[in-house]
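*Asks:* Data file protein-v1.txt (compact mmCIF, C-alpha atoms) is appended below.
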```txt
# COMPACT_ATOMS: atom_id res chain seq x y z
CA MET A 19 -29.74 -14.76 117.25
CA ASN A 20 -30.94 -15.20 113.71
CA PHE A 21 -33.37 -12.92 111.81
CA LYS A 22 -36.51 -15.05 112.32
CA GLU A 23 -36.04 -15.31 116.06
CA TYR A 24 -35.27 -11.59 116.32
CA CYS A 25 -38.49 -10.63 114.49
CA PHE A 26 -40.52 -13.03 116.65
CA LYS A 27 -39.17 -11.59 119.87
CA LYS A 28 -39.66 -8.01 118.69
CA SER A 29 -43.35 -8.50 117.93
CA LEU A 30 -45.19 -10.64 120.47
CA TRP A 31 -48.97 -10.45 120.14
CA VAL A 32 -50.76 -11.43 123.31
CA PHE A 33 -54.08 -13.26 123.66
CA HIS A 34 -55.60 -13.04 127.12
CA PHE A 35 -57.41 -16.10 128.48
CA GLY A 36 -59.18 -15.48 131.78
CA GLY A 37 -60.21 -18.60 133.68
CA ALA A 38 -62.38 -18.44 136.80
CA SER A 39 -60.54 -15.32 137.86
CA CYS A 40 -61.35 -12.88 140.67
CA ASN A 41 -60.48 -10.09 138.14
CA ASN A 42 -57.49 -8.73 140.04
CA CYS A 43 -55.00 -10.21 137.59
CA ASP A 44 -57.14 -9.00 134.64
CA ILE A 45 -56.94 -5.44 135.97
CA GLU A 46 -53.18 -5.67 136.45
CA ILE A 47 -52.73 -7.12 132.93
CA LEU A 48 -54.71 -4.22 131.46
CA ASP A 49 -52.50 -1.87 133.50
CA CYS A 50 -49.58 -2.95 131.31
CA LEU A 51 -51.27 -1.20 128.34
CA THR A 52 -51.74 2.12 130.11
CA PRO A 53 -49.50 5.19 129.55
CA ARG A 54 -47.41 4.44 132.64
CA TYR A 55 -46.25 0.93 131.60
CA ASP A 56 -47.09 0.80 127.83
CA ILE A 57 -45.88 -2.61 126.62
CA GLU A 58 -46.35 -1.45 123.01
CA ARG A 59 -42.81 -0.06 123.43
CA PHE A 60 -41.62 -3.67 123.07
CA GLY A 61 -43.96 -4.35 120.14
CA MET A 62 -46.50 -6.24 122.24
CA GLN A 63 -50.16 -5.89 121.43
CA LEU A 64 -53.36 -7.41 122.77
CA VAL A 65 -55.14 -9.22 119.91
CA GLY A 66 -58.71 -10.47 119.85
CA SER A 67 -58.27 -13.67 117.83
CA ILE A 68 -56.17 -16.65 118.98
CA ARG A 69 -55.11 -17.24 115.35
CA HIS A 70 -53.01 -14.05 115.45
CA ALA A 71 -51.50 -14.62 118.90
CA ASP A 72 -47.89 -15.47 119.80
CA VAL A 73 -48.38 -15.51 123.57
CA LEU A 74 -51.27 -17.13 125.43
CA LEU A 75 -51.65 -15.35 128.76
CA VAL A 76 -53.62 -17.49 131.21
CA ASN A 77 -54.79 -16.26 134.59
CA GLY A 78 -57.35 -17.37 137.16
CA SER A 79 -58.03 -20.81 138.57
CA ILE A 80 -58.83 -23.36 135.87
CA ASN A 81 -61.97 -25.35 136.74
CA ARG A 82 -63.38 -28.36 134.89
CA LYS A 83 -65.28 -26.34 132.28
CA ASP A 84 -62.38 -23.93 131.68
CA ARG A 85 -60.07 -26.88 131.11
CA GLN A 86 -61.77 -27.94 127.87
CA ARG A 87 -61.91 -24.39 126.60
CA LEU A 88 -58.25 -23.80 127.39
CA LEU A 89 -57.28 -26.97 125.52
CA GLU A 90 -59.45 -25.94 122.57
CA ILE A 91 -57.92 -22.43 122.47
CA TYR A 92 -54.40 -23.90 122.68
CA ASN A 93 -55.08 -26.30 119.78
CA GLN A 94 -56.52 -23.48 117.65
CA ALA A 95 -53.42 -21.30 118.03
CA ALA A 96 -50.91 -20.95 115.19
CA LYS A 97 -47.60 -22.47 116.33
CA PRO A 98 -45.11 -21.44 117.70
CA ILE A 99 -47.03 -20.20 120.72
CA LEU A 100 -45.68 -19.31 124.17
CA VAL A 101 -47.83 -19.86 127.25
CA VAL A 102 -47.53 -17.60 130.30
CA ALA A 103 -49.31 -18.39 133.57
CA VAL A 104 -50.12 -15.22 135.51
CA GLY A 105 -50.96 -14.99 139.21
CA ALA A 106 -51.02 -17.47 142.07
CA CYS A 107 -54.11 -19.26 140.68
CA GLY A 108 -52.57 -19.73 137.25
CA CYS A 109 -49.23 -20.95 138.60
CA THR A 110 -50.30 -23.30 141.42
CA GLY A 111 -54.02 -23.00 142.02
CA GLY A 112 -53.63 -20.62 144.95
CA ILE A 113 -56.46 -20.78 147.48
CA PHE A 114 -58.59 -22.80 145.03
CA ALA A 115 -56.09 -25.69 144.81
CA ASP A 116 -58.18 -27.93 147.12
CA GLY A 117 -61.52 -26.92 145.59
CA ASN A 118 -64.06 -29.41 144.29
CA THR A 119 -64.25 -28.05 140.75
CA PHE A 120 -60.54 -27.25 140.40
CA ALA A 121 -58.97 -29.03 137.38
CA GLY A 122 -55.30 -28.51 138.05
CA PRO A 123 -52.95 -25.56 137.50
CA VAL A 124 -52.23 -24.50 133.92
CA ASP A 125 -49.06 -26.61 133.54
CA LYS A 126 -51.03 -29.82 134.15
CA ILE A 127 -53.13 -29.05 131.04
CA ILE A 128 -50.77 -27.36 128.54
CA PRO A 129 -46.97 -26.76 128.54
CA VAL A 130 -46.11 -23.44 130.22
CA ASP A 131 -43.08 -21.32 129.23
CA ALA A 132 -43.11 -18.73 132.01
CA TYR A 133 -44.71 -18.29 135.43
CA ILE A 134 -45.50 -14.88 136.93
CA PRO A 135 -46.53 -15.42 140.57
CA GLY A 136 -48.29 -12.90 142.79
CA CYS A 137 -51.81 -12.26 144.01
CA PRO A 138 -52.13 -10.19 141.88
CA PRO A 139 -48.65 -9.62 140.33
CA LYS A 140 -47.71 -5.96 139.91
CA PRO A 141 -47.49 -4.65 136.31
CA GLU A 142 -43.72 -4.33 136.87
CA ALA A 143 -43.63 -8.04 137.74
CA ILE A 144 -45.58 -8.93 134.59
CA ILE A 145 -43.19 -6.88 132.41
CA ALA A 146 -40.19 -8.47 134.23
CA GLY A 147 -41.64 -11.92 133.50
CA LEU A 148 -42.13 -11.10 129.83
CA VAL A 149 -38.54 -9.81 129.60
CA ARG A 150 -37.31 -13.07 131.17
CA LEU A 151 -39.34 -14.90 128.52
CA LEU A 152 -37.73 -12.83 125.74
CA ASN A 153 -34.22 -13.49 127.04
CA LYS A 154 -34.79 -17.22 127.47
CA MET B 12 -39.06 -3.72 79.32
CA GLY B 13 -36.39 -3.31 82.01
CA LYS B 14 -37.77 0.10 82.86
CA GLU B 15 -41.32 -1.27 83.14
CA LEU B 16 -40.15 -3.97 85.54
CA LEU B 17 -38.32 -1.33 87.57
CA TYR B 18 -41.53 0.73 87.75
CA TYR B 19 -43.63 -2.21 88.88
CA LEU B 20 -41.25 -3.92 91.28
CA VAL B 21 -38.98 -1.26 92.76
CA PHE B 22 -39.98 2.39 92.32
CA PRO B 23 -42.81 3.41 92.64
CA GLY B 24 -43.94 -0.22 92.72
CA PHE B 25 -43.78 -3.05 95.19
CA ILE B 26 -40.68 -2.36 97.30
CA PHE B 27 -41.18 1.41 97.54
CA LEU B 28 -44.89 1.05 98.40
CA ALA B 29 -44.24 -1.64 101.01
CA PHE B 30 -41.41 0.34 102.65
CA VAL B 31 -43.17 3.71 102.75
CA GLY B 32 -46.46 2.03 103.72
CA GLY B 33 -44.71 0.37 106.67
CA LEU B 34 -43.28 3.72 107.77
CA PHE B 35 -46.75 5.30 107.47
CA SER B 36 -48.20 2.50 109.58
CA TRP B 37 -45.52 3.17 112.20
CA ALA B 38 -46.35 6.91 112.11
CA ASP B 39 -50.03 6.07 112.58
CA ARG B 40 -49.31 3.93 115.64
CA LYS B 41 -46.84 6.47 117.04
CA ILE B 42 -49.31 9.37 116.67
CA SER B 43 -52.01 7.21 118.35
CA ALA B 44 -49.56 6.57 121.19
CA TRP B 45 -48.81 10.30 121.58
CA VAL B 46 -52.53 11.11 121.66
CA GLN B 47 -52.90 8.61 124.53
CA PHE B 48 -49.75 9.89 126.34
CA ARG B 49 -47.84 6.66 125.62
CA LYS B 50 -44.38 6.10 124.13
CA GLY B 51 -45.39 3.93 121.18
CA PRO B 52 -43.60 1.23 119.17
CA PRO B 53 -40.07 1.44 117.68
CA LEU B 54 -39.53 2.65 114.09
CA LEU B 55 -39.27 -0.77 112.42
CA GLN B 56 -42.22 -2.33 114.28
CA PRO B 57 -44.48 -2.86 111.18
CA PHE B 58 -41.62 -4.73 109.45
CA TYR B 59 -41.03 -6.93 112.50
CA ASP B 60 -44.75 -7.76 112.53
CA PHE B 61 -44.76 -8.53 108.81
CA PHE B 62 -41.67 -10.76 108.83
CA LYS B 63 -42.78 -12.55 111.98
CA LEU B 64 -46.11 -13.45 110.36
CA LEU B 65 -44.47 -14.36 107.04
CA LEU B 66 -41.49 -16.41 108.25
CA VAL B 67 -42.20 -17.72 111.74
CA LYS B 68 -45.90 -18.39 112.17
CA GLU B 69 -47.86 -21.39 110.96
CA THR B 70 -50.69 -20.82 108.45
CA ILE B 71 -53.87 -22.59 109.54
CA LEU B 72 -56.44 -23.50 106.88
CA PRO B 73 -60.16 -23.58 107.69
CA SER B 74 -61.56 -27.09 108.12
CA ARG B 75 -64.97 -26.00 106.85
CA GLY B 76 -65.04 -23.59 103.91
CA SER B 77 -63.04 -23.19 100.72
CA LYS B 78 -59.29 -23.48 101.36
CA LEU B 79 -58.17 -22.25 97.93
CA THR B 80 -60.36 -19.13 97.99
CA PHE B 81 -59.26 -18.45 101.56
CA LEU B 82 -55.59 -18.47 100.53
CA LEU B 83 -55.94 -16.68 97.17
CA ALA B 84 -58.04 -13.75 98.45
CA PRO B 85 -55.09 -11.96 100.20
CA VAL B 86 -52.92 -12.44 97.08
CA PHE B 87 -55.49 -10.74 94.87
CA GLY B 88 -55.99 -8.03 97.48
CA LEU B 89 -52.24 -7.31 97.44
CA ALA B 90 -52.25 -7.25 93.62
CA GLY B 91 -55.17 -4.78 93.59
CA ALA B 92 -53.45 -2.46 96.07
CA LEU B 93 -50.18 -2.67 94.11
CA LEU B 94 -51.80 -1.91 90.73
CA SER B 95 -53.83 1.02 92.05
CA GLY B 96 -50.73 2.35 93.79
CA ILE B 97 -48.68 2.22 90.58
CA MET B 98 -51.48 3.82 88.54
CA ILE B 99 -51.71 6.67 91.05
CA LEU B 100 -48.00 7.22 91.67
CA LEU B 101 -46.72 7.11 88.06
CA PRO B 102 -48.71 10.27 87.07
CA ALA B 103 -48.37 11.84 90.53
CA PHE B 104 -44.56 11.59 90.46
CA GLY B 105 -44.50 12.71 86.82
CA LEU B 106 -42.88 9.48 85.58
CA ARG B 107 -45.60 8.60 83.06
CA GLN B 108 -48.48 10.51 81.50
CA GLY B 109 -51.03 7.79 82.16
CA PHE B 110 -54.05 7.76 79.85
CA SER B 111 -57.26 9.71 79.60
CA GLY B 112 -59.85 8.19 81.93
CA ASP B 113 -57.44 6.46 84.31
CA VAL B 114 -59.18 8.04 87.33
CA ILE B 115 -62.12 5.68 86.67
CA VAL B 116 -59.76 2.67 86.51
CA ILE B 117 -58.10 3.76 89.76
CA PHE B 118 -61.54 4.00 91.37
CA TYR B 119 -62.27 0.38 90.44
CA MET B 120 -58.81 -0.83 91.49
CA LEU B 121 -59.16 0.77 94.91
CA THR B 122 -62.25 -1.35 95.69
CA ILE B 123 -60.41 -4.65 95.02
CA PRO B 124 -58.81 -4.97 98.51
CA SER B 125 -62.20 -4.50 100.25
CA LEU B 126 -63.80 -7.07 97.93
CA THR B 127 -61.07 -9.62 98.61
CA TYR B 128 -61.46 -9.13 102.38
CA ILE B 129 -65.15 -9.99 101.92
CA ILE B 130 -64.42 -13.06 99.77
CA GLY B 131 -61.72 -14.33 102.15
CA ALA B 132 -63.95 -13.86 105.18
CA LEU B 133 -66.86 -15.72 103.56
CA ALA B 134 -64.50 -18.58 102.59
CA ALA B 135 -63.31 -18.94 106.20
CA GLY B 136 -66.49 -20.61 107.43
CA ASN B 137 -66.52 -18.73 110.73
CA PRO B 138 -69.75 -17.02 111.94
CA LEU B 139 -67.93 -13.94 113.24
CA ALA B 140 -66.08 -13.61 109.91
CA SER B 141 -69.47 -13.73 108.15
CA VAL B 142 -70.76 -10.92 110.37
CA GLY B 143 -67.65 -8.91 109.50
CA ALA B 144 -68.06 -9.63 105.78
CA SER B 145 -71.72 -8.58 105.81
CA ARG B 146 -70.80 -5.30 107.50
CA GLU B 147 -67.97 -4.71 105.01
CA VAL B 148 -70.41 -5.23 102.09
CA LYS B 149 -72.79 -2.66 103.54
CA LEU B 150 -69.95 -0.23 104.17
CA VAL B 151 -68.67 -0.60 100.57
CA ILE B 152 -72.19 -0.01 99.23
CA SER B 153 -72.56 3.16 101.30
CA TYR B 154 -69.19 4.87 100.68
CA GLU B 155 -68.57 3.96 97.03
CA LEU B 156 -71.37 6.20 95.71
CA THR B 157 -70.03 9.13 97.73
CA PHE B 158 -66.48 8.45 96.55
CA LEU B 159 -67.59 8.29 92.90
CA LEU B 160 -69.61 11.52 93.25
CA ALA B 161 -66.57 13.25 94.79
CA ILE B 162 -64.40 12.10 91.86
CA ALA B 163 -67.09 13.34 89.43
CA ALA B 164 -67.09 16.72 91.19
CA ILE B 165 -63.29 16.94 90.86
CA ILE B 166 -63.54 16.05 87.15
CA SER B 167 -66.13 18.79 86.61
CA LYS B 168 -63.91 21.27 88.55
CA SER B 169 -60.94 20.51 86.32
CA GLY B 170 -62.92 21.27 83.16
CA MET B 171 -63.98 17.71 82.23
CA VAL B 172 -60.55 16.08 81.93
CA THR B 173 -60.45 12.48 83.16
CA GLY B 174 -56.73 11.69 83.36
CA LEU B 175 -54.97 11.96 86.73
CA HIS B 176 -52.00 13.61 85.01
CA GLN B 177 -54.24 16.25 83.39
CA ILE B 178 -56.05 16.93 86.69
CA ILE B 179 -52.68 17.54 88.39
CA ALA B 180 -51.58 19.76 85.47
CA VAL B 181 -54.75 21.89 85.77
CA GLN B 182 -54.14 22.31 89.50
CA GLN B 183 -50.49 23.21 89.06
CA SER B 184 -51.36 25.97 86.59
CA GLN B 185 -54.48 27.36 88.37
CA GLY B 186 -53.81 26.52 92.04
CA ALA B 187 -54.99 23.54 94.09
CA PHE B 188 -58.71 22.74 94.13
CA ALA B 189 -58.67 22.75 97.95
CA GLY B 190 -58.33 26.55 97.79
CA SER B 191 -62.01 27.11 96.94
CA PHE B 192 -65.18 26.61 99.04
CA SER B 193 -66.33 23.59 97.06
CA GLY B 194 -62.80 22.17 97.27
CA ILE B 195 -62.82 22.36 101.07
CA LEU B 196 -66.13 20.43 101.17
CA LEU B 197 -64.67 17.83 98.80
CA VAL B 198 -61.55 17.41 101.00
CA ALA B 199 -63.77 16.73 104.02
CA VAL B 200 -65.80 14.12 102.10
CA PHE B 201 -62.66 12.52 100.65
CA VAL B 202 -61.00 12.20 104.07
CA LEU B 203 -64.08 10.46 105.51
CA CYS B 204 -64.20 8.10 102.50
CA ILE B 205 -60.51 7.27 103.08
CA GLN B 206 -61.34 6.56 106.72
CA ALA B 207 -64.03 4.07 105.64
CA LYS B 208 -61.81 2.50 102.96
CA LEU B 209 -59.00 1.92 105.46
CA GLY B 210 -61.43 0.53 108.03
CA PHE B 211 -60.35 3.02 110.71
CA VAL B 212 -62.50 4.17 113.63
CA PRO B 213 -65.33 5.46 113.36
CA PHE B 214 -65.90 3.05 110.43
CA ASP B 215 -64.10 -0.05 111.76
CA MET B 216 -67.28 -2.06 112.39
CA ALA B 217 -66.15 -4.74 109.89
CA GLU B 218 -63.10 -5.65 111.96
CA ALA B 219 -64.13 -4.45 115.41
CA GLU B 220 -61.47 -6.01 117.66
CA THR B 221 -63.41 -5.77 120.89
CA GLU B 222 -66.78 -6.75 119.45
CA ILE B 223 -66.33 -9.45 116.77
CA THR B 224 -62.56 -10.03 117.30
CA HIS B 225 -61.09 -8.77 113.99
CA GLY B 226 -64.25 -9.79 112.05
CA CYS B 227 -63.14 -10.42 108.47
CA PHE B 228 -59.60 -11.50 109.50
CA ILE B 229 -60.44 -13.72 112.48
CA GLU B 230 -59.36 -16.99 110.80
CA TYR B 231 -56.24 -15.69 109.07
CA SER B 232 -52.83 -16.58 110.49
CA GLY B 233 -49.22 -16.74 109.37
CA ALA B 234 -48.25 -15.86 105.79
CA ALA B 235 -51.83 -15.19 104.61
CA TYR B 236 -52.31 -12.65 107.38
CA SER B 237 -48.94 -11.06 106.59
CA LEU B 238 -50.15 -10.37 103.03
CA ILE B 239 -53.28 -8.70 104.45
CA LYS B 240 -51.07 -6.58 106.73
CA LEU B 241 -48.93 -5.58 103.73
CA THR B 242 -52.06 -4.62 101.77
CA LYS B 243 -53.16 -2.46 104.68
CA TYR B 244 -49.74 -0.74 104.90
CA MET B 245 -49.86 0.02 101.16
CA MET B 246 -53.41 1.38 101.28
CA LEU B 247 -52.41 3.66 104.15
CA PHE B 248 -49.90 5.34 101.81
CA ILE B 249 -51.84 5.12 98.51
CA LEU B 250 -55.06 6.80 99.65
CA PRO B 251 -53.44 9.95 101.15
CA ALA B 252 -51.29 10.17 97.97
CA PHE B 253 -54.47 9.96 95.86
CA LEU B 254 -56.08 12.74 97.93
CA CYS B 255 -52.96 14.92 97.48
CA ALA B 256 -52.99 14.31 93.71
CA MET B 257 -56.72 14.92 93.27
CA LEU B 258 -57.32 17.95 95.53
CA LEU B 259 -54.12 19.31 97.11
CA GLY B 260 -52.25 20.09 93.89
CA GLY B 261 -50.11 16.98 93.43
CA PHE B 262 -46.37 16.86 94.04
CA ARG B 263 -43.50 18.92 92.61
CA PHE B 264 -40.03 17.46 92.96
CA ASN B 265 -37.67 20.43 92.78
CA GLY B 266 -35.99 22.03 95.80
CA ILE B 267 -38.66 23.09 98.30
CA GLY B 268 -41.18 20.85 96.50
CA PHE B 269 -39.85 17.77 98.32
CA LEU B 270 -40.66 19.38 101.67
CA TRP B 271 -44.16 20.36 100.49
CA ALA B 272 -44.89 16.84 99.20
CA PHE B 273 -43.77 15.37 102.54
CA LEU B 274 -45.82 17.89 104.54
CA LYS B 275 -48.96 17.26 102.47
CA LEU B 276 -48.77 13.48 102.96
CA ILE B 277 -47.97 13.74 106.67
CA GLY B 278 -50.74 16.31 107.15
CA VAL B 279 -53.36 14.01 105.61
CA LEU B 280 -52.06 11.08 107.70
CA LEU B 281 -52.21 13.22 110.86
CA LEU B 282 -55.81 14.22 110.09
CA ILE B 283 -56.87 10.58 109.53
CA THR B 284 -55.13 9.40 112.71
CA LEU B 285 -56.61 12.19 114.83
CA ILE B 286 -60.13 11.40 113.57
CA ARG B 287 -59.43 7.76 114.38
CA ASN B 288 -58.32 8.49 117.93
CA THR B 289 -61.02 10.96 118.93
CA ASN B 290 -64.14 9.11 117.79
CA PRO B 291 -66.10 6.05 118.92
CA ARG B 292 -67.09 3.23 116.57
CA ILE B 293 -70.53 3.82 115.03
CA ARG B 294 -73.07 1.14 114.08
CA ILE B 295 -73.38 0.00 110.47
CA ASP B 296 -76.86 1.56 110.03
CA GLN B 297 -75.51 4.88 111.29
CA ALA B 298 -72.60 4.64 108.85
CA MET B 299 -74.96 3.94 105.94
CA ARG B 300 -77.18 6.89 106.85
CA PHE B 301 -74.11 9.10 107.29
CA PHE B 302 -72.78 8.36 103.80
CA LEU B 303 -75.98 7.87 101.80
CA ILE B 304 -77.71 11.02 103.10
CA TRP B 305 -75.27 13.52 104.62
CA MET B 306 -72.07 12.94 102.68
CA ASN B 307 -73.89 12.71 99.34
CA LEU B 308 -75.71 15.94 100.18
CA LEU B 309 -72.36 17.59 100.94
CA VAL B 310 -70.92 16.51 97.57
CA ILE B 311 -74.02 17.79 95.74
CA VAL B 312 -73.67 21.15 97.55
CA ALA B 313 -70.02 21.18 96.43
CA ILE B 314 -71.02 20.50 92.80
CA ILE B 315 -73.61 23.32 92.91
CA LEU B 316 -71.05 25.72 94.47
CA ASP B 317 -68.60 24.76 91.75
CA TYR B 318 -71.25 25.50 89.09
CA PHE B 319 -71.37 29.08 90.43
CA ASN B 320 -67.54 29.21 90.48
CA PHE B 321 -66.99 29.28 94.26
```
What does the file become when written as structure tokens?

*Replies:*
Amino acid sequence: MNFKEYCFKKSLWVFHFGGASCNNCDIEILDCLTPRYDIERFGMQLVGSIRHADVLLVNGSINRKDRQRLLEIYNQAAKPILVVAVGACGCTGGIFADGNTFAGPVDKIIPVDAYIPGCPPKPEAIIAGLVRLLNK
Amino acid sequence: MGKELLYYLVFPGFIFLAFVGGLFSWADRKISAWVQFRKGPPLLQPFYDFFKLLLVKETILPSRGSKLTFLLAPVFGLAGALLSGIMILLPAFGLRQGFSGDVIVIFYMLTIPSLTYIIGALAAGNPLASVGASREVKLVISYELTFLLAIAAIISKSGMVTGLHQIIAVQQSQGAFAGSFSGILLVAVFVLCIQAKLGFVPFDMAEAETEITHGCFIEYSGAAYSLIKLTKYMMLFILPAFLCAMLLGGFRFNGIGFLWAFLKLIGVLLLITLIRNTNPRIRIDQAMRFFLIWMNLLVIVAIILDYFNF
């Protein structure tokens, strides 16, 4: 592993995009920042601006209006950017997959690097998914 | 000539400032983590962040707004931080005498990073960056007067000498200024000014992450943002060192003096970080009132106390 790649993997800054979510995944994602799980140990931080982000964390079902915003956010990001789909809705559409306003799971809109299934996934599962992503 | 270059580029210049500033930034994040019962990041985390931004990430230029100004602002900010750091550390480490009146020059140099943040944000053409820039302007207006008054009070305490080297010499012969009543008031004012200069909570309204998403820095990415990060690391070391030199008796580098210098710097950093972690963000009008009325009043009380030799 060369120096550039090592620095990138040691300092992933995460931008959280919530689609039409039921908020369960949002709560579990925020759990990762709490004293018990503390992903800052691995150098990960939540950032407020997509320009600073290295990981785009998408959760919730993506409906037609979210689709445009997700594309816009993805195009605004500084490359290289990794995309992680969190939860059943982000990965496949979950119970909303047959809905009228549903505009496809995340990987139909932008390329996805890692999937973390679950409804909602446990914080341990989210950290395991991020570790998989780091070791990829 | 070779010695000058060594001073500016290696010690106590660019490399030393960047390295120690990065370690201070790590200490700040680690102390924050301990306050919140977390583990915190590894020791080299600030350097990973810096090199990731510098080497890996793409730099995006604003489509509307001035591209050249946007890119040059962080460079000038870094230069301002570097020059003020050298001007403070050469007399504080006893390497150079400096010149009479260099405290005033240092005061001007220390405002350059804030000014370049404002210029860069206004060149970005983003509405949230403009909000951040407007708040930063108001914050600079409110704390600079207090900061200047505090420096004037220190100059009057040291018997009207205006060189940093002479101020340190007066303190080392008569005891640190922080040992008197007026000195304690001045330390309190100085620490709060440092808090505002660094943009830490409670005065982080210019880059409020949760409110206007990094405000001034919202459009910066890649190498330009890495220079801003480096400027912030350097300022986190320079300002506590300036406080130690002006009020806490400077540094002595012989035997136990090393330990004292380290403890002084870490103590100031601990104080700043604890204030940051135990306070909410205040609004810009509250910050202006806080500095323009209460802090100025405190400095004037300190000057009057000093006049009566307390």

*Asks:* Point out the residue among A:Gln86, A:Asn41, A:Gln94, A:Asn77 with the least atom-to-atom distance to chain B, counting only C-alpha atoms.

*Replies:*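 Closest residue, counting only C-alpha atoms: A:Gln94.
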
*Asks:* Can you tell me, as a ChimeraX atom specification, what residues are no more than 6 Å from segment 134-149 of chain B when counting only C-alpha atoms, ignoring any on the same chain fewer than 5 positions away?

*Replies:* /B:73,75-77,81,129,217,223,226-227

*Asks:* Please, what distance in Å, to one decimal, runs between atom CA of Ile97 of chain B and atom CA of Tyr18 of chain B?

*Replies:*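 Atom-to-atom, atom CA of Ile97 of chain B to atom CA of Tyr18 of chain B, that is 7.8 Å.
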
*Asks:* Skipping near chain neighbours, those fewer than 4 positions away, what residues fall within 8 Å of Gln182 of chain B using all atoms listed in the file, listed as a ChimeraX atom specification?

*Replies:* /B:169,178,186-188,260-261

*Asks:* Could you write those residues out with C-alpha atoms, as a PDB file, in the frame of the given file?

*Replies:*
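Contents of out_3.pdb, freshly written:
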```pdb
ATOM      1  CA  SER B 169     -60.940  20.510  86.320  1.00  0.00           C
ATOM      2  CA  ILE B 178     -56.050  16.930  86.690  1.00  0.00           C
ATOM      3  CA  GLY B 186     -53.810  26.520  92.040  1.00  0.00           C
ATOM      4  CA  ALA B 187     -54.990  23.540  94.090  1.00  0.00           C
ATOM      5  CA  PHE B 188     -58.710  22.740  94.130  1.00  0.00           C
ATOM      6  CA  GLY B 260     -52.250  20.090  93.890  1.00  0.00           C
ATOM      7  CA  GLY B 261     -50.110  16.980  93.430  1.00  0.00           C
TER       8      GLY B 261
END
```

*Asks:* Counting all atoms listed in the file, which residue out of B:Pro85, B:Gly190, B:Pro102, B:Gly233 sits closest to chain A?

*Replies:* B:Gly233

*Asks:* With only C-alpha atoms considered, list every residue of chain B at most 6 Å from chain A, as a ChimeraX atom specification.

*Replies:* /B:48-49,51-52,59-60,63,69,220,224,229,232

*Asks:* So how many Å separate atom CA of Ala189 of chain B and atom CA of Ile166 of chain B, to one decimal?

*Replies:*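 Between these atoms lies a distance of 13.6 Å.
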
*Asks:* Quick one: residues within 9 Å of Val31 of chain B, only C-alpha atoms counted, chain neighbours fewer than 4 positions away excluded, as a CSV table (one decimal) with C-alpha atoms, keeping the file's coordinate frame?

*Replies:*
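Now in selection_5.csv:
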```csv
chain,number,residue,atom,x,y,z
B,26,ILE,CA,-40.7,-2.4,97.3
B,27,PHE,CA,-41.2,1.4,97.5
B,35,PHE,CA,-46.8,5.3,107.5
B,36,SER,CA,-48.2,2.5,109.6
B,244,TYR,CA,-49.7,-0.7,104.9
B,245,MET,CA,-49.9,0.0,101.2
B,248,PHE,CA,-49.9,5.3,101.8
```

*Asks:* Set the distance at 6 Å and use all atoms listed in the file: which residues neighbour Val101 of chain A once local chain neighbours fewer than 5 positions away are removed? I'd like the list as a PDB file with C-alpha atoms, keeping the file's coordinate frame.

*Replies:*
```pdb
ATOM      1  CA  VAL A  73     -48.380 -15.510 123.570  1.00  0.00           C
ATOM      2  CA  LEU A  74     -51.270 -17.130 125.430  1.00  0.00           C
ATOM      3  CA  VAL A 130     -46.110 -23.440 130.220  1.00  0.00           C
ATOM      4  CA  ASP A 131     -43.080 -21.320 129.230  1.00  0.00           C
TER       5      ASP A 131
END
```

*Asks:* By how many Å are atom CA of Asn307 of chain B and atom CA of Ile99 of chain B apart?

*Replies:*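 Between atom CA of Asn307 of chain B and atom CA of Ile99 of chain B the gap is 24.4 Å.
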
*Asks:* Excluding Gly37 of chain A and its own-chain neighbours fewer than 6 positions away, which residues fall within 12 Å of it when counting all atoms listed in the file? Please give them as a PDB file with C-alpha atoms, in the coordinates of the input.

*Replies:*
```
ATOM      1  CA  CYS A  43     -55.000 -10.210 137.590  1.00  0.00           C
ATOM      2  CA  ASP A  44     -57.140  -9.000 134.640  1.00  0.00           C
ATOM      3  CA  LEU A  75     -51.650 -15.350 128.760  1.00  0.00           C
ATOM      4  CA  VAL A  76     -53.620 -17.490 131.210  1.00  0.00           C
ATOM      5  CA  ASN A  77     -54.790 -16.260 134.590  1.00  0.00           C
ATOM      6  CA  GLY A  78     -57.350 -17.370 137.160  1.00  0.00           C
ATOM      7  CA  SER A  79     -58.030 -20.810 138.570  1.00  0.00           C
ATOM      8  CA  ILE A  80     -58.830 -23.360 135.870  1.00  0.00           C
ATOM      9  CA  ASN A  81     -61.970 -25.350 136.740  1.00  0.00           C
ATOM     10  CA  ARG A  82     -63.380 -28.360 134.890  1.00  0.00           C
ATOM     11  CA  LYS A  83     -65.280 -26.340 132.280  1.00  0.00           C
ATOM     12  CA  ASP A  84     -62.380 -23.930 131.680  1.00  0.00           C
ATOM     13  CA  ARG A  85     -60.070 -26.880 131.110  1.00  0.00           C
ATOM     14  CA  GLN A  86     -61.770 -27.940 127.870  1.00  0.00           C
ATOM     15  CA  ARG A  87     -61.910 -24.390 126.600  1.00  0.00           C
ATOM     16  CA  LEU A  88     -58.250 -23.800 127.390  1.00  0.00           C
ATOM     17  CA  ALA A 103     -49.310 -18.390 133.570  1.00  0.00           C
ATOM     18  CA  VAL A 104     -50.120 -15.220 135.510  1.00  0.00           C
ATOM     19  CA  GLY A 105     -50.960 -14.990 139.210  1.00  0.00           C
ATOM     20  CA  CYS A 107     -54.110 -19.260 140.680  1.00  0.00           C
ATOM     21  CA  GLY A 108     -52.570 -19.730 137.250  1.00  0.00           C
ATOM     22  CA  GLY A 111     -54.020 -23.000 142.020  1.00  0.00           C
ATOM     23  CA  PHE A 120     -60.540 -27.250 140.400  1.00  0.00           C
ATOM     24  CA  ALA A 121     -58.970 -29.030 137.380  1.00  0.00           C
ATOM     25  CA  GLY A 122     -55.300 -28.510 138.050  1.00  0.00           C
ATOM     26  CA  PRO A 123     -52.950 -25.560 137.500  1.00  0.00           C
ATOM     27  CA  VAL A 124     -52.230 -24.500 133.920  1.00  0.00           C
TER      28      VAL A 124
END
```
